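Enquirer: Provided below: protein_34.txt, containing compact mmCIF, C-alpha atoms.
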# COMPACT_ATOMS: atom_id res chain seq x y z
CA MET B 19 -33.96 -41.68 35.45
CA THR B 20 -36.42 -38.98 36.31
CA GLY B 21 -40.05 -38.73 35.28
CA ASP B 22 -38.94 -37.04 32.06
CA PHE B 23 -38.23 -40.50 30.67
CA ASP B 24 -41.25 -42.43 31.98
CA ASP B 25 -42.72 -42.77 28.47
CA LEU B 26 -39.50 -44.32 27.20
CA VAL B 27 -39.16 -46.73 30.11
CA ALA B 28 -42.78 -47.84 29.62
CA ALA B 29 -42.24 -48.31 25.88
CA ASN B 30 -39.10 -50.33 26.57
CA GLU B 31 -40.94 -52.61 28.99
CA LYS B 32 -43.42 -53.40 26.22
CA TYR B 33 -40.61 -53.86 23.68
CA ALA B 34 -38.66 -56.19 25.98
CA ARG B 35 -41.71 -58.47 26.45
CA ASP B 36 -41.64 -59.36 22.75
CA PHE B 37 -37.87 -58.99 22.21
CA SER B 38 -36.63 -61.42 19.58
CA ASN B 39 -33.16 -60.17 18.68
CA SER B 40 -31.22 -61.88 21.46
CA THR B 41 -29.45 -64.18 19.01
CA LEU B 42 -28.03 -61.38 16.85
CA GLY B 43 -24.27 -61.03 16.89
CA GLY B 44 -22.26 -57.83 16.74
CA ARG B 45 -21.25 -58.22 13.09
CA ALA B 46 -23.12 -56.47 10.28
CA ALA B 47 -25.09 -59.31 8.65
CA ARG B 48 -25.36 -57.39 5.34
CA THR B 49 -21.72 -56.17 5.65
CA LEU B 50 -22.91 -52.56 5.47
CA ALA B 51 -22.27 -49.35 7.39
CA VAL B 52 -24.52 -46.34 6.80
CA VAL B 53 -23.43 -42.81 7.66
CA THR B 54 -26.52 -40.64 7.88
CA CYS B 55 -27.95 -37.61 9.63
CA MET B 56 -29.49 -37.57 13.09
CA ASP B 57 -32.70 -36.14 11.58
CA SER B 58 -35.64 -38.01 13.11
CA ARG B 59 -37.40 -38.25 9.73
CA ILE B 60 -34.83 -40.80 8.58
CA ASP B 61 -35.46 -44.50 9.23
CA PRO B 62 -32.23 -45.93 7.80
CA LEU B 63 -33.18 -49.57 8.25
CA GLY B 64 -36.65 -49.17 6.77
CA LEU B 65 -35.71 -47.06 3.77
CA LEU B 66 -32.95 -49.47 2.77
CA GLY B 67 -34.94 -52.66 3.32
CA LEU B 68 -32.81 -53.71 6.28
CA LYS B 69 -33.59 -55.14 9.69
CA ALA B 70 -31.90 -55.12 13.08
CA GLY B 71 -28.44 -56.68 12.84
CA ASP B 72 -27.98 -56.00 9.13
CA ALA B 73 -25.91 -52.82 9.27
CA LYS B 74 -23.91 -50.45 11.44
CA ILE B 75 -25.68 -47.09 11.56
CA LEU B 76 -23.57 -43.99 12.26
CA ARG B 77 -25.54 -40.79 12.77
CA ASN B 78 -24.51 -37.18 13.23
CA ALA B 79 -25.71 -33.71 12.26
CA GLY B 80 -25.42 -33.44 8.48
CA ALA B 81 -24.23 -37.02 7.85
CA ARG B 82 -20.63 -35.79 7.80
CA VAL B 83 -17.58 -38.03 7.66
CA THR B 84 -15.78 -36.67 10.70
CA ASP B 85 -12.68 -38.05 12.41
CA ASP B 86 -14.94 -39.98 14.77
CA VAL B 87 -16.86 -41.51 11.87
CA LEU B 88 -13.56 -42.63 10.32
CA ARG B 89 -12.47 -44.14 13.66
CA THR B 90 -15.77 -45.98 13.89
CA LEU B 91 -15.52 -47.22 10.29
CA VAL B 92 -12.07 -48.67 11.00
CA LEU B 93 -13.58 -50.66 13.88
CA ALA B 94 -16.60 -51.65 11.79
CA VAL B 95 -14.43 -52.91 8.92
CA TYR B 96 -11.83 -54.81 10.90
CA LEU B 97 -13.91 -56.05 13.82
CA LEU B 98 -17.56 -56.10 12.76
CA GLY B 99 -17.74 -57.44 9.21
CA VAL B 100 -18.31 -54.25 7.21
CA ASP B 101 -17.06 -54.22 3.62
CA ARG B 102 -19.22 -51.43 2.18
CA VAL B 103 -20.18 -47.95 3.32
CA LEU B 104 -23.11 -45.80 2.23
CA VAL B 105 -22.96 -42.08 3.06
CA MET B 106 -26.51 -40.74 3.03
CA PRO B 107 -27.28 -37.08 3.74
CA HIS B 108 -30.83 -35.87 3.09
CA THR B 109 -32.89 -33.09 1.62
CA ASP B 110 -34.25 -30.30 3.82
CA CYS B 111 -31.29 -30.64 6.22
CA ARG B 112 -30.76 -27.81 8.70
CA MET B 113 -26.98 -28.27 8.37
CA ALA B 114 -27.30 -27.55 4.63
CA LYS B 115 -29.20 -24.32 5.26
CA SER B 116 -26.61 -22.62 7.48
CA THR B 117 -22.94 -21.91 7.89
CA ASP B 118 -21.02 -22.60 11.08
CA ASP B 119 -20.98 -18.83 11.71
CA ASP B 120 -24.79 -18.72 11.35
CA VAL B 121 -25.21 -21.52 13.90
CA HIS B 122 -22.79 -19.93 16.37
CA GLN B 123 -24.62 -16.61 16.08
CA LEU B 124 -28.07 -18.16 16.48
CA ILE B 125 -27.04 -20.05 19.62
CA SER B 126 -25.37 -16.95 21.03
CA ASP B 127 -28.35 -14.70 20.27
CA GLU B 128 -31.03 -17.08 21.52
CA TYR B 129 -29.27 -18.85 24.39
CA GLY B 130 -26.29 -16.67 25.32
CA MET B 131 -23.88 -19.57 24.76
CA ASP B 132 -20.55 -19.04 23.02
CA THR B 133 -19.98 -22.14 20.87
CA ARG B 134 -17.15 -20.82 18.70
CA SER B 135 -14.79 -23.54 19.94
CA LEU B 136 -17.01 -26.13 18.21
CA GLU B 137 -16.98 -27.02 14.53
CA PHE B 138 -20.49 -27.92 13.39
CA HIS B 139 -19.55 -29.21 9.92
CA THR B 140 -22.37 -27.36 8.17
CA VAL B 141 -22.79 -28.09 4.46
CA PRO B 142 -23.63 -25.01 2.38
CA ASP B 143 -22.97 -27.15 -0.75
CA GLN B 144 -24.39 -30.58 0.06
CA ASP B 145 -23.32 -32.23 -3.20
CA ALA B 146 -19.72 -31.04 -2.83
CA ALA B 147 -19.63 -32.06 0.84
CA LEU B 148 -20.92 -35.55 0.01
CA ARG B 149 -18.34 -36.03 -2.73
CA ARG B 150 -15.58 -34.79 -0.40
CA ASP B 151 -16.74 -37.15 2.35
CA LEU B 152 -16.81 -40.12 -0.05
CA LEU B 153 -13.28 -39.28 -1.16
CA ARG B 154 -12.20 -38.95 2.46
CA ILE B 155 -13.32 -42.54 3.17
CA ARG B 156 -11.80 -43.89 -0.05
CA THR B 157 -8.41 -42.35 0.68
CA TYR B 158 -8.26 -42.89 4.44
CA PRO B 159 -5.02 -44.82 5.06
CA TYR B 160 -6.50 -47.09 7.75
CA LEU B 161 -9.32 -48.39 5.55
CA PRO B 162 -8.71 -51.09 2.92
CA ASP B 163 -8.78 -50.34 -0.82
CA ARG B 164 -11.33 -53.15 -1.26
CA LEU B 165 -13.93 -51.19 0.76
CA ALA B 166 -16.93 -50.33 -1.42
CA VAL B 167 -17.97 -46.71 -0.83
CA GLY B 168 -21.14 -45.15 -2.19
CA GLY B 169 -23.32 -42.15 -1.59
CA GLY B 170 -26.83 -40.93 -2.09
CA VAL B 171 -29.15 -38.19 -0.92
CA TYR B 172 -32.33 -39.31 0.81
CA ASP B 173 -35.39 -37.21 -0.03
CA VAL B 174 -37.36 -36.75 3.20
CA HIS B 175 -40.46 -35.72 1.20
CA THR B 176 -40.64 -38.69 -1.18
CA GLY B 177 -38.73 -41.45 0.63
CA LYS B 178 -36.44 -41.92 -2.40
CA LEU B 179 -32.69 -42.39 -2.27
CA MET B 180 -30.95 -40.53 -5.07
CA PRO B 181 -27.56 -42.18 -5.76
CA VAL B 182 -24.57 -39.91 -6.40
CA ASP B 183 -21.99 -41.07 -8.93
CA MET B 184 -18.34 -40.32 -8.40
What is this structure when it is put down as structure tokens?

Expert:
Amino acid sequence: MTGDFDDLVAANEKYARDFSNSTLGGRAARTLAVVTCMDSRIDPLGLLGLKAGDAKILRNAGARVTDDVLRTLVLAVYLLGVDRVLVMPHTDCRMAKSTDDDVHQLISDEYGMDTRSLEFHTVPDQDAALRRDLLRIRTYPYLPDRLAVGGGVYDVHTGKLMPVDM
């Protein structure tokens, strides 16, 4: 790695000196998977009262249930002890403030890059997108009917999780 990562390497050296998670296994100790956004304001373990090893954390822009999230959930359920899934988008999300066309145009205008072959999964209606994503997990043929699936919106300004009923 180049000097651009010196701060991270130094932080890791300090972390490794006091590392205490070497006995953790690969299974989710609290049988939970969390699908959330990549937004750096979200601390999924902290806000849910979890610790390392408790849950599988899946992050992407907008906390969307994509094909790759479904693939990962199949592995988490059958190989890693997951029997419940929380889908947790958040307030003040950039993906909820734009359309895919808006994002393509912005990137083209500011960087000269044509990204139209990508689907960004923006969420102009966050509530509807969350409900659709929850239904997508519940009806996915490779996931068991016994899988508990829930959703909630995390408020990045208050730290509160607001459950969504289906």

Enquirer: Can you tell me how far atom CA of Asp183 of chain B sits from atom CA of Pro107 of chain B, in Å to one decimal?

Expert: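 About the pair atom CA of Asp183 of chain B and atom CA of Pro107 of chain B: they are 14.3 Å apart.
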
Enquirer: Could you give me, as JSON lines, a per-residue list for segment 73-149 of chain B showing, wherever an atom lies at most 8 Å from an atom of segment 154-161 of chain B, the closest pair of atoms and their distance in Å to one decimal, using all atoms listed in the file and sorting by chain then residue number from low to high?

Expert:
{"residue": "B:Val83", "atom": "CA", "partner": "B:Arg154", "partner_atom": "CA", "distance": 7.5}
{"residue": "B:Leu88", "atom": "CA", "partner": "B:Ile155", "partner_atom": "CA", "distance": 7.2}
{"residue": "B:Leu91", "atom": "CA", "partner": "B:Leu161", "partner_atom": "CA", "distance": 7.9}
{"residue": "B:Val92", "atom": "CA", "partner": "B:Leu161", "partner_atom": "CA", "distance": 6.1}
{"residue": "B:Val95", "atom": "CA", "partner": "B:Leu161", "partner_atom": "CA", "distance": 7.6}

Enquirer: Which one is closest to Leu148 of chain B: B:Met106, B:Asp36, B:Asn78, B:Met131? Count all atoms listed in the file.

Expert: B:Met106

Enquirer: With distances taken over only C-alpha atoms, which of B:Val105, B:Ala79, B:Ala94, B:Ala34 is nearest to Ala47 of chain B?

Expert: B:Ala94

Enquirer: Can you pull out the residues contacting Ala70 of chain B? Cut-off 12 Å, using all atoms listed in the file, and skip same-chain residues under 4 positions away; I want them as a short mmCIF file (atom, residue, chain, number, x, y, z; two decimals) with C-alpha atoms, in the frame of the given file.

Expert:
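File produced: out-v5.cif:
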data_model
loop_
_atom_site.label_atom_id
_atom_site.label_comp_id
_atom_site.auth_asym_id
_atom_site.auth_seq_id
_atom_site.Cartn_x
_atom_site.Cartn_y
_atom_site.Cartn_z
CA PHE B 37 -37.87 -58.99 22.21
CA SER B 38 -36.63 -61.42 19.58
CA ASN B 39 -33.16 -60.17 18.68
CA SER B 40 -31.22 -61.88 21.46
CA THR B 41 -29.45 -64.18 19.01
CA LEU B 42 -28.03 -61.38 16.85
CA GLY B 43 -24.27 -61.03 16.89
CA GLY B 44 -22.26 -57.83 16.74
CA ARG B 45 -21.25 -58.22 13.09
CA ALA B 46 -23.12 -56.47 10.28
CA ALA B 47 -25.09 -59.31 8.65
CA ARG B 48 -25.36 -57.39 5.34
CA ASP B 61 -35.46 -44.50 9.23
CA PRO B 62 -32.23 -45.93 7.80
CA LEU B 63 -33.18 -49.57 8.25
CA GLY B 64 -36.65 -49.17 6.77
CA LEU B 66 -32.95 -49.47 2.77
CA LYS B 74 -23.91 -50.45 11.44
CA ILE B 75 -25.68 -47.09 11.56
#

Enquirer: To one decimal place in Å, what is the distance between atom CA of Leu98 of chain B and atom CA of Arg77 of chain B?

Expert: 17.3 Å

Enquirer: Please, what distance in Å, to one decimal, runs between atom CA of Arg89 of chain B and atom CA of Thr109 of chain B?

Expert: 26.2 Å

Enquirer: Nearest to Glu137 of chain B: which of B:Arg112, B:Arg35, B:Arg149, B:Arg82 is it, counting only C-alpha atoms?

Expert: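 Of the candidates, the smallest distance to Glu137 of chain B is held by B:Arg82.
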
Enquirer: Using only C-alpha atoms, can you tell me which of B:Thr49, B:Gln144, B:Asp22, B:Ala166 comes closest to Asp110 of chain B?

Expert: B:Gln144

Enquirer: Do you know which residues lie at most 6 Å from (-19.9, -47.8, 6.0), with coordinates as in the file and all atoms listed in the file counted, and could you write them as a list in words?

Expert: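 Counting all atoms listed in the file, I find these residues within 6 Å of (-19.9, -47.8, 6.0): Leu50, Ala51, Val52, Arg102, Val103 and Leu104 of chain B.
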
Enquirer: Write out as a list in words the residues lying within 7 Å of His122 of chain B, counting all atoms listed in the file and excluding same-chain residues fewer than 3 positions away.

Expert: Asp118, Asp119, Ile125, Ser126, Thr133 and Arg134 of chain B

Enquirer: With all atoms listed in the file as the basis for distance, which of B:Asp145, B:Asn30, B:Gly80, B:Asp132 is at the shortest distance from Met180 of chain B?

Expert: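 Checking each of B:Asp145, B:Asn30, B:Gly80, B:Asp132 against Met180 of chain B, counting all atoms listed in the file, the winner is B:Asp145.
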
Enquirer: Any chance you could turn segment 136-176 of chain B into a file with N, CA and C atoms, as a CSV table (one decimal), in the first residue's frame?

Expert:
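Listing of selection.csv after writing:
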chain,number,residue,atom,x,y,z
B,136,LEU,N,-24.9,1.4,-15.5
B,136,LEU,CA,-25.1,1.0,-14.1
B,136,LEU,C,-26.5,1.3,-13.6
B,137,GLU,N,-27.0,0.5,-12.7
B,137,GLU,CA,-28.2,0.8,-12.0
B,137,GLU,C,-27.9,1.1,-10.6
B,138,PHE,N,-28.2,2.4,-10.1
B,138,PHE,CA,-27.8,2.8,-8.8
B,138,PHE,C,-28.8,2.5,-7.7
B,139,HIS,N,-30.0,2.0,-8.1
B,139,HIS,CA,-31.0,1.7,-7.1
B,139,HIS,C,-31.4,2.8,-6.2
B,140,THR,N,-31.5,4.0,-6.8
B,140,THR,CA,-32.0,5.2,-6.0
B,140,THR,C,-33.4,4.9,-5.4
B,141,VAL,N,-33.8,5.7,-4.4
B,141,VAL,CA,-35.0,5.4,-3.7
B,141,VAL,C,-35.8,6.7,-3.5
B,142,PRO,N,-36.4,7.2,-4.6
B,142,PRO,CA,-37.2,8.4,-4.5
B,142,PRO,C,-38.4,8.3,-3.4
B,143,ASP,N,-38.9,7.1,-3.2
B,143,ASP,CA,-39.9,6.8,-2.2
B,143,ASP,C,-39.3,5.8,-1.2
B,144,GLN,N,-38.7,6.3,-0.2
B,144,GLN,CA,-37.9,5.4,0.7
B,144,GLN,C,-38.8,4.4,1.4
B,145,ASP,N,-40.0,4.8,1.8
B,145,ASP,CA,-40.9,3.9,2.5
B,145,ASP,C,-41.4,2.7,1.6
B,146,ALA,N,-41.7,3.1,0.3
B,146,ALA,CA,-42.2,2.1,-0.6
B,146,ALA,C,-41.0,1.2,-1.0
B,147,ALA,N,-39.8,1.7,-1.1
B,147,ALA,CA,-38.6,0.9,-1.5
B,147,ALA,C,-38.3,-0.1,-0.3
B,148,LEU,N,-38.4,0.4,0.9
B,148,LEU,CA,-38.2,-0.5,2.1
B,148,LEU,C,-39.2,-1.7,2.1
B,149,ARG,N,-40.5,-1.3,1.9
B,149,ARG,CA,-41.5,-2.4,1.9
B,149,ARG,C,-41.3,-3.4,0.8
B,150,ARG,N,-40.9,-2.9,-0.4
B,150,ARG,CA,-40.7,-3.7,-1.5
B,150,ARG,C,-39.5,-4.6,-1.3
B,151,ASP,N,-38.4,-4.1,-0.6
B,151,ASP,CA,-37.3,-4.9,-0.3
B,151,ASP,C,-37.6,-6.0,0.7
B,152,LEU,N,-38.4,-5.6,1.7
B,152,LEU,CA,-38.8,-6.6,2.7
B,152,LEU,C,-39.6,-7.8,2.1
B,153,LEU,N,-40.5,-7.4,1.2
B,153,LEU,CA,-41.3,-8.4,0.5
B,153,LEU,C,-40.4,-9.3,-0.4
B,154,ARG,N,-39.4,-8.6,-1.0
B,154,ARG,CA,-38.4,-9.4,-1.9
B,154,ARG,C,-37.7,-10.5,-1.1
B,155,ILE,N,-37.3,-10.2,0.1
B,155,ILE,CA,-36.6,-11.2,1.0
B,155,ILE,C,-37.7,-12.3,1.4
B,156,ARG,N,-38.8,-11.8,1.8
B,156,ARG,CA,-39.8,-12.8,2.3
B,156,ARG,C,-40.3,-13.8,1.2
B,157,THR,N,-40.2,-13.3,0.0
B,157,THR,CA,-40.7,-14.2,-1.1
B,157,THR,C,-39.6,-14.8,-2.0
B,158,TYR,N,-38.4,-14.6,-1.6
B,158,TYR,CA,-37.3,-15.2,-2.4
B,158,TYR,C,-37.3,-16.7,-2.2
B,159,PRO,N,-37.3,-17.4,-3.3
B,159,PRO,CA,-37.5,-18.9,-3.2
B,159,PRO,C,-36.3,-19.6,-2.6
B,160,TYR,N,-35.2,-19.0,-2.5
B,160,TYR,CA,-34.0,-19.7,-1.9
B,160,TYR,C,-33.9,-19.4,-0.4
B,161,LEU,N,-34.8,-18.7,0.2
B,161,LEU,CA,-34.7,-18.4,1.6
B,161,LEU,C,-35.9,-19.1,2.3
B,162,PRO,N,-35.7,-19.6,3.5
B,162,PRO,CA,-36.8,-20.4,4.2
B,162,PRO,C,-37.9,-19.5,4.6
B,163,ASP,N,-39.1,-20.0,4.7
B,163,ASP,CA,-40.3,-19.3,5.2
B,163,ASP,C,-40.2,-18.9,6.6
B,164,ARG,N,-39.4,-19.7,7.4
B,164,ARG,CA,-39.2,-19.4,8.8
B,164,ARG,C,-38.4,-18.2,9.1
B,165,LEU,N,-37.7,-17.6,8.1
B,165,LEU,CA,-36.8,-16.5,8.3
B,165,LEU,C,-37.6,-15.3,8.7
B,166,ALA,N,-37.2,-14.7,9.9
B,166,ALA,CA,-37.9,-13.5,10.4
B,166,ALA,C,-37.3,-12.3,9.6
B,167,VAL,N,-38.2,-11.4,9.1
B,167,VAL,CA,-37.7,-10.3,8.3
B,167,VAL,C,-38.4,-9.1,8.8
B,168,GLY,N,-37.6,-8.0,9.2
B,168,GLY,CA,-38.1,-6.8,9.7
B,168,GLY,C,-37.4,-5.6,9.1
B,169,GLY,N,-38.0,-4.5,9.2
B,169,GLY,CA,-37.4,-3.2,8.7
B,169,GLY,C,-37.6,-2.1,9.6
B,170,GLY,N,-36.7,-1.1,9.4
B,170,GLY,CA,-36.8,0.1,10.2
B,170,GLY,C,-35.9,1.2,9.5
B,171,VAL,N,-36.3,2.4,9.7
B,171,VAL,CA,-35.5,3.6,9.2
B,171,VAL,C,-34.7,4.1,10.4
B,172,TYR,N,-33.4,4.2,10.2
B,172,TYR,CA,-32.5,4.8,11.2
B,172,TYR,C,-32.5,6.3,11.0
B,173,ASP,N,-32.7,7.1,12.1
B,173,ASP,CA,-32.6,8.5,12.0
B,173,ASP,C,-31.2,9.0,12.4
B,174,VAL,N,-30.5,9.5,11.4
B,174,VAL,CA,-29.1,9.8,11.6
B,174,VAL,C,-28.9,11.1,12.5
B,175,HIS,N,-30.0,11.8,12.7
B,175,HIS,CA,-30.0,13.0,13.5
B,175,HIS,C,-30.3,12.7,15.0
B,176,THR,N,-31.1,11.6,15.3
B,176,THR,CA,-31.5,11.3,16.7
B,176,THR,C,-30.9,10.0,17.2
